[in-house]
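Structure first, then comments.
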Number of protein chains: 2
Amino acid sequence: MTALAKLKHRFERIAIINEASSMLAWDSSVMMPPGGAAARGDQLAVLAGLSHQLLTDPATAEWLAAASAPAQEPADEWEAANLRLIRRAHARAIALPGELVEAQSRANSRCEKVWRQARQESDYARVKPYLAEVLKLVREAARLWAEQSGSTPYDALMDGFQPGIGAADVAPVFARYETFLRETLDEIEARQADGPAPVAPAGPFPADRQEALCRKLSERIGLDYTRARLDRSAHPFSGGTPTDTRITTRYDEADFTSAALGVIHETGHALYEQRLPSAWARQPVGEAAGMAAHESQSLIVEMQAGRSDAFLRFLAPELAATFGPDPAFEAGNLARLWRRVHRGFIRVEADEVTYPAHVILRFRLEQALIGGDLGLNDLPAAWNDGIKALLGIAPPDDARGCLQDIHWYDGLFGYFPSYTLGAMAAAQLMAAARREAPAIDEALGVGSMAPLQDWLTRKVHVFGSRYGFNDLLRHATGSALSADAFEAHLRARYLG
Amino acid sequence: MTALAKLKHRFERIAIINEASSMLAWDSSVMMPPGGAAARGDQLAVLAGLSHQLLTDPATAEWLAAASAPAQEPADEWEAANLRLIRRAHARAIALPGELVEAQSRANSRCEKVWRQARQESDYARVKPYLAEVLKLVREAARLWAEQSGSTPYDALMDGFQPGIGAADVAPVFARYETFLRETLDEIEARQADGPAPVAPAGPFPADRQEALCRKLSERIGLDYTRARLDRSAHPFSGGTPTDTRITTRYDEADFTSAALGVIHETGHALYEQRLPSAWARQPVGEAAGMAAHESQSLIVEMQAGRSDAFLRFLAPELAATFGPDPAFEAGNLARLWRRVHRGFIRVEADEVTYPAHVILRFRLEQALIGGDLGLNDLPAAWNDGIKALLGIAPPDDARGCLQDIHWYDGLFGYFPSYTLGAMAAAQLMAAARREAPAIDEALGVGSMAPLQDWLTRKVHVFGSRYGFNDLLRHATGSALSADAFEAHLRARYLG
């Protein structure tokens, strides 16, 4: 076997171990009785250790050096991209000493536990010392990655979630969106206030009927259930592997909105996984192109297509058939209900117009935290000032302020921008898709996303990680990421 | 760390990897969509390889030698037994070359696939060449294990399922049972023919009500659902780990018998796992004491307690409450229905009186196959002759003859005796339990198995693998395995 073949075989093995972890993590959230938690923690830790060990083993470095020798020209662009991604994964893994990784794992899990209590009691002081430890270790890891890659520490963190995208790519796009918001938000709200108020459908909505509807919708959108499952969990997510994707939701019998739109969202994630290039399965280049790219696929399905006028016209009679007739199921009312713009404190409840404000706030704060320009004592006030400046509202407590999201308390810094980059990329992809495949909206009117998904598969899914985020967008839409298409989409939908 | 501590740490790691495999195997049978099968096969193979690699790694042998040095007296009997079991597991693992293990895995899975088709079409000739390959490799493995342990090849195979029990332990017990059968079977059948015929309850029995009943019964028997799940699968089984046991069944809406008695049976297995000594979790001595011991725990719950007069009196009104009144739910009728003795061709459908005949046949045939005294060309005829001699009936085809069980076609030789050893041990344990805890039958009358399970926990479960099978029985009942208690039980139940 050549060094490259050995290297690829090793990465295949690592991917297989990670698949096992992914299935066990799904089981933890969906199936596992509480008594299994301690043992499951051990199982996941041992598998993570085995995977890390294979990645950092000296043989990996040797094969990588041999496969990168000038005489070893990659066979094609796929091979070249794969080797580049292998090199990157290896460099990031060996940059951190094992003790730091372990210390992070312990500190994150300790802090996350305290955070659950602290959020419930809106008691930031209680979790602050734990967050301090988490932050200290994240800054150390960021410093080491930055040294290795020659970037800034915050960019090194961002790179772990969306490779190749740093603060300098994001800051101007976000600044421009802030301006857009200042120019339009009042008017959007005024228009909504002038129009008819949305009417909430009258429940209850039995969970089993919601589930049947969700399953039908996800199949309609294109999910292949010979390679997928839909289950219930406390927090909806998409997991599993490309040939066995697992999406979840929860059913509130008083309101089916979050289940239905949640499953539509997770279906977007799952389709991306199912349609990755199988010829490169279990190689880095065969994986999804990062978290922003992933979020673009869920949001194009949920926000662009799922809440479009055409799709809501299809959905209205489906809802009546599922739950019985209700005037609130009229498509125009659904549009008013599911596109309500409202300045709120909570990111996960935000509409698509104000959502980026929540992300912009976090992006700026976490940059300052990682850079050392903001201390944890000042975080709550900085949070409240920031949301006031962006949306003009002041959180009444930290539970609705800096305690609301799990990310930082679980050691995730640099992740938040992905949400809004995904939303913007989704709008940009949708605009390009509509230009190239005009049948998309007609199909949405009968509940089919096939023309849209076929286009996405050809332009996004089948490329795996062969391109970076901006190159992927350039290739699919003709330009790198910008806020243009997103703003045009919002103007058309909310000010048209 | 001492060599012993390192050794125990390594076995803990191996156990954790095996736990992950066990959960993934459960998922394969219960949850996985068909598209996931190929990837799951890879995941299980890689985990098995990692576990085997840790076991056969040279460091394991070094630590084992150091921990076994005369100066290193084990701290107590638990430590001594654990070290003995570690030594045994290591010796069995290193006795087989990796290529043989891999060849077996491939040959077994190929043969098993062909067998599914061959059984359906009753076409032994079709699967024979695949079985020949499986048998060739099993014989080679048996030879290597026998060399290593100084036993016969067949005993070396048996030892893999029920350590310490060989053909010489089993043959006389089985021979005696054959005599018992010749002396009693005609009379048992005649008595049943003289009595009233059992009446089958009138269905349908909705699956969700059956499931609720099964769950209630298993909880009543003692299963702790904070550490367990009950699900559905094509073939009922008990899996998972001691803190997360998973039992399954299937629901036939025309007849709830197999689901109800099946869950009672699997609950016996699960209770054994849940009550193993947690202080020795993930060490060999903390595991169940072998397959015959395991089967004794399911059969004491299902056959001894579950089909007892007392428990059926409890069950009768439960069935009426679950499915609505039916005269067939009367306890006497349930006894006639669920203790019907009938000479049939199929082992898994056999009653407790004729079941051992099926096992005795397979025990003799597999000894001859491994020893080379029987060739595969002669297997169908030898099978048919054997079942004729034992039960006086002739299978009309090989599907109801030598093709009926998966075991041999999946490479499992030496497993079958465990079923009947378990049935005999169950009777022996039940007799001892009744002597020492007379409240057992009164409790069964109100559906409680607590006094029985408490006794079993004290006498069997908490010892893990500290004792071998016969020593475990001696310790619990005062004598090694014999057919006495089983025959006494059958005489009392069927000829009393």
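Every chain in the structure tokens takes a letter, A first, then B, and so on in the order presented; its residues are numbered from 1, and the ligands are numbered from 1 following the presented order.
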inquiry  = Just want the 12 Å neighbourhood of stretch 82-84 of chain A, counted on only C-alpha atoms, with same-chain residues fewer than 6 positions away dropped. Output as number ranges by chain.
reply    = A: 3-5, 7-8, 11, 63-69, 72-76, 90-91, 163, 280-287, 463-468
Test item: chain B residues at most 7 Å from chain A, counting only C-alpha atoms, as a list in words =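 Putting it all together, I get Ile16, Ile17, Ala20, Pro33, Pro34, Gly35, Gly36, Gln43, Thr226, Arg227, Ala228, Arg229, Thr243 and Asp244 of chain B.
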ask   = Do you know which residues are at most 6 Å from stretch 140-157 of chain A counting only C-alpha atoms, after dropping those on the same chain fewer than 3 positions away, and could you put them as a PyMOL selection string?
value = chain A and resi 137+160+166+414
inquiry  = Could you list, as an NGL selection string, every residue within 7 Å of stretch 313-328 of chain A, counting only C-alpha atoms and ignoring same-chain residues fewer than 3 positions away?
reply    = :A and (199-201 or 205 or 209 or 213 or 309-310 or 331 or 333 or 445-447)
Please write the residues from the selection above to a file, keeping N, CA and C atoms, as a compact mmCIF listing (two decimals), in the first residue's frame.
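Result written to selection.txt:
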```txt
# COMPACT_ATOMS: atom_id res chain seq x y z
N VAL A 199 -54.11 34.42 13.32
CA VAL A 199 -54.98 33.66 14.23
C VAL A 199 -54.32 32.30 14.49
N ALA A 200 -54.16 31.95 15.76
CA ALA A 200 -53.56 30.65 16.07
C ALA A 200 -54.60 29.55 15.88
N PRO A 201 -54.24 28.45 15.20
CA PRO A 201 -55.18 27.32 15.05
C PRO A 201 -55.55 26.77 16.43
N PHE A 205 -53.60 19.19 19.21
CA PHE A 205 -53.11 18.50 18.03
C PHE A 205 -52.41 17.22 18.49
N ARG A 209 -50.78 12.29 15.31
CA ARG A 209 -51.13 12.89 14.01
C ARG A 209 -50.06 13.88 13.57
N LEU A 213 -47.90 13.60 10.08
CA LEU A 213 -47.75 14.76 9.19
C LEU A 213 -46.26 15.06 8.94
N ASP A 309 -44.85 31.36 0.05
CA ASP A 309 -46.29 31.38 -0.26
C ASP A 309 -46.72 30.08 -0.93
N ALA A 310 -45.91 29.64 -1.89
CA ALA A 310 -46.29 28.45 -2.67
C ALA A 310 -46.42 27.23 -1.75
N ALA A 331 -53.85 29.69 3.92
CA ALA A 331 -52.43 29.94 3.62
C ALA A 331 -51.98 31.34 4.02
N ASN A 333 -53.12 33.20 6.42
CA ASN A 333 -52.97 33.26 7.87
C ASN A 333 -51.71 32.53 8.33
N GLY A 445 -45.64 24.61 -4.81
CA GLY A 445 -47.09 24.76 -4.72
C GLY A 445 -47.81 23.43 -4.59
N VAL A 446 -47.19 22.34 -5.05
CA VAL A 446 -47.80 21.02 -4.85
C VAL A 446 -46.98 20.20 -3.84
N GLY A 447 -46.19 20.91 -3.04
CA GLY A 447 -45.50 20.26 -1.93
C GLY A 447 -44.23 19.53 -2.32
```
query = What does the distance between atom CA of B:His407 and atom CA of B:Glu133 come to in Å, to one decimal place?
reply = 14.5 Å
query = Excluding same-chain residues fewer than 3 positions from B:Val173, what lies within 7 Å of it counting only C-alpha atoms, as a list of chain:residue names?
reply =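 The residues that qualify are B:Val170, B:Arg176, B:Tyr177, B:Ser482, B:Ala483.
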Selection above as a file: N, CA, C and O atoms, as a PDB file, in the first residue's frame:
```pdb
ATOM      1  N   VAL B 170     -22.081 -33.489  30.501  1.00  0.00           N
ATOM      2  CA  VAL B 170     -23.415 -33.387  29.924  1.00  0.00           C
ATOM      3  C   VAL B 170     -23.961 -34.747  29.505  1.00  0.00           C
ATOM      4  O   VAL B 170     -25.145 -35.050  29.724  1.00  0.00           O
ATOM      5  N   ARG B 176     -29.614 -39.920  30.810  1.00  0.00           N
ATOM      6  CA  ARG B 176     -30.638 -40.206  31.800  1.00  0.00           C
ATOM      7  C   ARG B 176     -31.962 -39.555  31.404  1.00  0.00           C
ATOM      8  O   ARG B 176     -33.033 -40.147  31.575  1.00  0.00           O
ATOM      9  N   TYR B 177     -31.895 -38.348  30.856  1.00  0.00           N
ATOM     10  CA  TYR B 177     -33.136 -37.688  30.464  1.00  0.00           C
ATOM     11  C   TYR B 177     -33.809 -38.439  29.321  1.00  0.00           C
ATOM     12  O   TYR B 177     -35.028 -38.534  29.251  1.00  0.00           O
ATOM     13  N   SER B 482     -27.676 -31.899  38.247  1.00  0.00           N
ATOM     14  CA  SER B 482     -28.195 -33.227  37.936  1.00  0.00           C
ATOM     15  C   SER B 482     -29.575 -33.035  37.324  1.00  0.00           C
ATOM     16  O   SER B 482     -30.140 -31.944  37.375  1.00  0.00           O
ATOM     17  N   ALA B 483     -30.121 -34.120  36.751  1.00  0.00           N
ATOM     18  CA  ALA B 483     -31.443 -34.026  36.134  1.00  0.00           C
ATOM     19  C   ALA B 483     -32.553 -34.243  37.172  1.00  0.00           C
ATOM     20  O   ALA B 483     -33.736 -34.121  36.853  1.00  0.00           O
TER      21      ALA B 483
END
```
